[in-house]
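**Student:** Pasting a structure here, questions to come.
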Amino acid sequence: MLELKHELKLAKTRDEKARMNFVSGLRAHVLNDMATGMRTVYEGDVEPGFRRSAGRTPKDGPEVHKAIKPNEYFKFYSSLRVTAQDMVWQSVFPPLERNRGALKSKATALAKTKRRERRAEHGSLTLQPGFEVPRYVSAIDVHLMAGNYDGEYEANDLAAGALYDNGLAVFSFGLMGQNLDDIGQSIAGFIRLKYPHLKPKKILDLGCTIGHNTGSWRDQFPAAEVHGIDVAAPCLRYAYARAEAQGRAIHFTQMNAEALDFPDASFDVVFSSMFLHEIPQKGIANIMREAFRVLRPGGLMLHMELPPNSQLSAYDAFYLDWDSAYNNEPFYKPFRDLKPEELCRKAGFDPKKYVQFVIPSVGWYGEKVWSESATQPRDVDNDKTGRLTDGILWYCFGAWK
Ligand SMILES: C[S@@+](CC[C@H](N)C(=O)[O-])C[C@H]1O[C@@H](n2cnc3c(N)ncnc32)[C@H](O)[C@@H]1O
């Protein structure tokens, strides 16, 4: 398990650390070893069986899912993966409950102290009293995370943010980097290398949660004013304290990405990561339109996401859509069934200005392979795209305005 290094990390007992390590190891086993086994079972048994009876290969993810569902290996894989997912959050609850009060005081003190220490530049936190969280967030515990992002159980609660930060450290078994910001560092750095002419003054991160990937934009473009918005107050409180603890000046605001409270043409980059797949299709269309509206002409919209089903093999589509069926991610498959180029076009972007990239994880592949990717494009059709496996490639799509 990865140990967070920042000042908000939870104090844990030896047994709590051991439990977290176990859960990380279990997840790595399921997502690496068992996932490889499942593909072997599919290719050697399930797919030939389907071909014998149907006279063809499965045409898409749902057909693969239907064919593999009765298979014992698939059932074992799925039940173990669901159990491991639940255990991620369960492993965080005991230290989180014990440290709840201390965490809150530390966050408050941290923001004040850091603000005094670094007067030149600091971030901000703006919450909206009476803010209406969309039902697609408030009504579900996405990826089995109890209380979801917005659950608040006391005044100024920020436990949901701590749950996400510590849970992600267990979940990602080290593959997201020390600060859990491999996505942000890989992508913001890639954009800086690929487009040296781009000198953004203002950058916006939509659905920023605890700001772990928002901070990378500040690192890569230190001259830019960086904003992160989210609907979840507990995550934003935590995000602000986390960023201040790390000396990153970021402006966090409670806001719905479907109706941004920013003027037209006010940002040079509008970014999101792992965000759209948690939004219903109608909401996605609104978000894309809002991104177009707040971008300046010549600005770049970029969404890091799971690759669309249209760009993957039937098996890979099934494999990525597993979460929609078994991990309380109802919008995951509907999002992946959309065509990113179409989404951009319908939001007002010129199809000729569409872009998509597959960016190697800087943490996994190292600086050389990662930086070379800015000049040597890679294929999307790859089972390493967007997943935590033995090699990670981050898929992004978007458009220039
Ligand atoms: C999967 S998390 C995003 C993770 C994060 N961006 C990252 O890089 O790992 C999805 C986030 O989107 C937020 N969210 C959901 N709907 C939203 C909306 N309409 N506007 C703004 N934020 C929203 C949730 O509260 C949650 O924090």
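Ordered as shown in the structure tokens, chains take letters A, B, and onward, while each chain numbers its residues from 1 and ligands are numbered from 1 in the order shown.
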Using only C-alpha atoms and all ligand atoms, which residues of the polymer chains come no farther than 8 Å from ligand 1? I'd like the answer as a ChimeraX atom specification.
**Tutor:** /A:133-134,136-137,148-150,181,183-184,205-214,229-232,235,254-258,272-279,283,287
**Student:** Name the residues of segment 276-379 of chain A that come out as strand (DSSP E) in a backbone DSSP run; write them as a PyMOL selection string.
**Tutor:** chain A and resi 295-305+354-360
**Student:** Just list as a ChimeraX atom specification whatever in segment 26-132 of chain A DSSP marks as alpha helix (DSSP H).
**Tutor:** /A:26-28,35-41,47-54,61-68,72-117
**Student:** Taking only C-alpha atoms into account, name the residue in A:Met288, A:Val362, A:Val30, A:Ala224 that is nearest to Phe267 of chain A.
**Tutor:**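 Residue with the minimum atom-to-atom distance to Phe267 of chain A: A:Ala224.
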**Student:** Could you check the closest approach to Met301 of chain A for each of A:Gly147, A:Gly398, A:Gly228, A:Pro58 and tell me which residue wins, using only C-alpha atoms?
**Tutor:**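 The answer is A:Gly398, which sits nearest to Met301 of chain A.
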**Student:** Counting only C-alpha atoms, which of A:Asn156, A:Ser313, A:Gln178, A:Gln90 gets nearest to Trp364 of chain A?
**Tutor:**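 Closest to Trp364 of chain A of all the choices is A:Gln178.
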**Student:** Considering only C-alpha atoms, state which residue in the set A:Leu168, A:Ala111, A:Leu302, A:Ala162 is at the smallest distance from Val270 of chain A.
**Tutor:**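 Looking only at the distances to Val270 of chain A, the closest residue turns out to be A:Leu302.
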**Student:** Measuring atom to atom with only C-alpha atoms, identify which of A:Ser373, A:Gly37, A:Tyr42, A:Tyr315 is nearest to Pro70 of chain A.
**Tutor:**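 Ranking A:Ser373, A:Gly37, A:Tyr42, A:Tyr315 by distance to Pro70 of chain A, first place goes to A:Tyr42.
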**Student:** Which distance in Å separates atom CA of Asp261 of chain A and atom CA of Phe131 of chain A, to one decimal?
**Tutor:**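 One can read the atom CA of Asp261 of chain A to atom CA of Phe131 of chain A distance as 12.8 Å.
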**Student:** Rounded to one decimal place, report the atom CA of Gly215 of chain A-atom CA of His303 of chain A distance in Å.
**Tutor:**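 Atom CA of His303 of chain A lies at a distance of 15.9 Å from atom CA of Gly215 of chain A.
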**Student:** Choose the residue, out of A:Leu96, A:Ala169, A:Ala243, A:Leu300, that has the smallest atom-to-atom separation from Val269 of chain A; count only C-alpha atoms.
**Tutor:**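 Among the listed residues, the smallest separation from Val269 of chain A belongs to A:Leu300.
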**Student:** Which residues come within 12 Å of Phe50 of chain A, counting only C-alpha atoms, excluding same-chain residues fewer than 4 positions away, as a compact mmCIF listing (two decimals) with N, CA and C atoms, in the first residue's frame?
**Tutor:**
```
# COMPACT_ATOMS: atom_id res chain seq x y z
N TYR A 42 -11.22 -16.91 -21.57
CA TYR A 42 -12.10 -16.42 -22.63
C TYR A 42 -11.60 -16.91 -24.00
N GLU A 43 -10.29 -16.70 -24.23
CA GLU A 43 -9.77 -17.04 -25.56
C GLU A 43 -9.75 -18.55 -25.80
N GLY A 44 -9.47 -19.33 -24.72
CA GLY A 44 -9.31 -20.77 -24.91
C GLY A 44 -10.63 -21.53 -24.80
N ASP A 45 -11.64 -20.95 -24.17
CA ASP A 45 -12.83 -21.72 -23.85
C ASP A 45 -14.12 -21.00 -24.26
N VAL A 46 -14.31 -19.80 -23.70
CA VAL A 46 -15.60 -19.11 -23.88
C VAL A 46 -15.81 -18.68 -25.34
N ALA A 54 -22.67 -19.99 -32.45
CA ALA A 54 -23.21 -18.86 -33.22
C ALA A 54 -22.61 -18.75 -34.62
N GLY A 55 -21.53 -19.46 -34.86
CA GLY A 55 -20.88 -19.39 -36.17
C GLY A 55 -20.14 -18.08 -36.40
N ARG A 56 -19.89 -17.32 -35.35
CA ARG A 56 -19.14 -16.06 -35.45
C ARG A 56 -18.60 -15.72 -34.07
N THR A 57 -17.78 -14.68 -34.03
CA THR A 57 -17.24 -14.25 -32.73
C THR A 57 -18.19 -13.21 -32.10
N PRO A 58 -18.14 -13.00 -30.77
CA PRO A 58 -19.00 -11.99 -30.16
C PRO A 58 -18.73 -10.62 -30.78
N LYS A 59 -19.82 -9.86 -31.01
CA LYS A 59 -19.64 -8.60 -31.75
C LYS A 59 -19.33 -7.41 -30.84
N GLU A 63 -22.19 -8.96 -25.62
CA GLU A 63 -22.20 -10.37 -26.04
C GLU A 63 -21.11 -11.17 -25.32
N VAL A 64 -19.96 -10.54 -25.14
CA VAL A 64 -18.89 -11.23 -24.39
C VAL A 64 -19.37 -11.47 -22.95
N HIS A 65 -19.98 -10.43 -22.36
CA HIS A 65 -20.45 -10.53 -20.97
C HIS A 65 -21.44 -11.69 -20.83
N LYS A 66 -22.39 -11.76 -21.75
CA LYS A 66 -23.41 -12.82 -21.67
C LYS A 66 -22.76 -14.20 -21.80
N ALA A 67 -21.77 -14.30 -22.69
CA ALA A 67 -21.14 -15.60 -22.92
C ALA A 67 -20.28 -16.03 -21.73
N ILE A 68 -19.64 -15.07 -21.07
CA ILE A 68 -18.69 -15.42 -20.02
C ILE A 68 -19.36 -15.55 -18.64
```
**Student:** Using only C-alpha atoms, which protein or nucleic acid residues come within 10 Å of Phe76 of chain A? Drop anything in the same chain fewer than 4 positions from it, and give the result as a ChimeraX atom specification.
**Tutor:** /A:30,34,38,71-72,80-81
**Student:** Those residues you just picked out, can you put them in a file as a short mmCIF file (atom, residue, chain, number, x, y, z; two decimals), in the first residue's frame with C-alpha atoms?
**Tutor:**
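Output below, filename again_20.cif:
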```cif
data_model
loop_
_atom_site.label_atom_id
_atom_site.label_comp_id
_atom_site.auth_asym_id
_atom_site.auth_seq_id
_atom_site.Cartn_x
_atom_site.Cartn_y
_atom_site.Cartn_z
CA VAL A 30 -7.23 -9.70 -9.02
CA MET A 34 -6.66 -13.06 -12.30
CA MET A 38 -9.74 -14.58 -17.30
CA ASN A 71 -18.08 -19.32 -16.39
CA GLU A 72 -16.74 -20.26 -12.94
CA LEU A 80 -13.24 -11.37 -5.40
CA ARG A 81 -13.06 -8.00 -7.15
#
```
**Student:** Within 10 Å of segment 327-334 of chain A, which residues of segment 34-99 of chain A come that close, and what is the closest atom pair and distance in Å for each? Count only C-alpha atoms and give it as a Markdown table.
**Tutor:**
```
| residue | atom | partner | partner_atom | distance |
| --- | --- | --- | --- | --- |
| A:Gly61 | CA | A:Lys333 | CA | 9.8 |
| A:Ser78 | CA | A:Asn327 | CA | 9.7 |
| A:Arg81 | CA | A:Asn327 | CA | 9.0 |
| A:Val82 | CA | A:Asn327 | CA | 6.8 |
| A:Gln85 | CA | A:Asn327 | CA | 8.1 |
| A:Asp86 | CA | A:Asn327 | CA | 9.4 |
```
**Student:** Let's have the selection written as a PDB file, in the first residue's frame, with C-alpha atoms.
**Tutor:**
```
ATOM      1  CA  GLY A  61     -18.947  -6.144 -24.898  1.00  0.00           C
ATOM      2  CA  SER A  78     -16.008 -10.877 -10.062  1.00  0.00           C
ATOM      3  CA  ARG A  81     -13.058  -8.000  -7.153  1.00  0.00           C
ATOM      4  CA  VAL A  82     -16.293  -6.772  -5.552  1.00  0.00           C
ATOM      5  CA  GLN A  85     -13.426  -3.020  -3.656  1.00  0.00           C
ATOM      6  CA  ASP A  86     -15.579  -3.037  -0.532  1.00  0.00           C
TER       7      ASP A  86
END
```
**Student:** To one decimal in Å, tell me the separation between atom CA of Ile140 of chain A and atom CA of Gly167 of chain A.
**Tutor:**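 Result for atom CA of Ile140 of chain A versus atom CA of Gly167 of chain A: 17.5 Å, one decimal.
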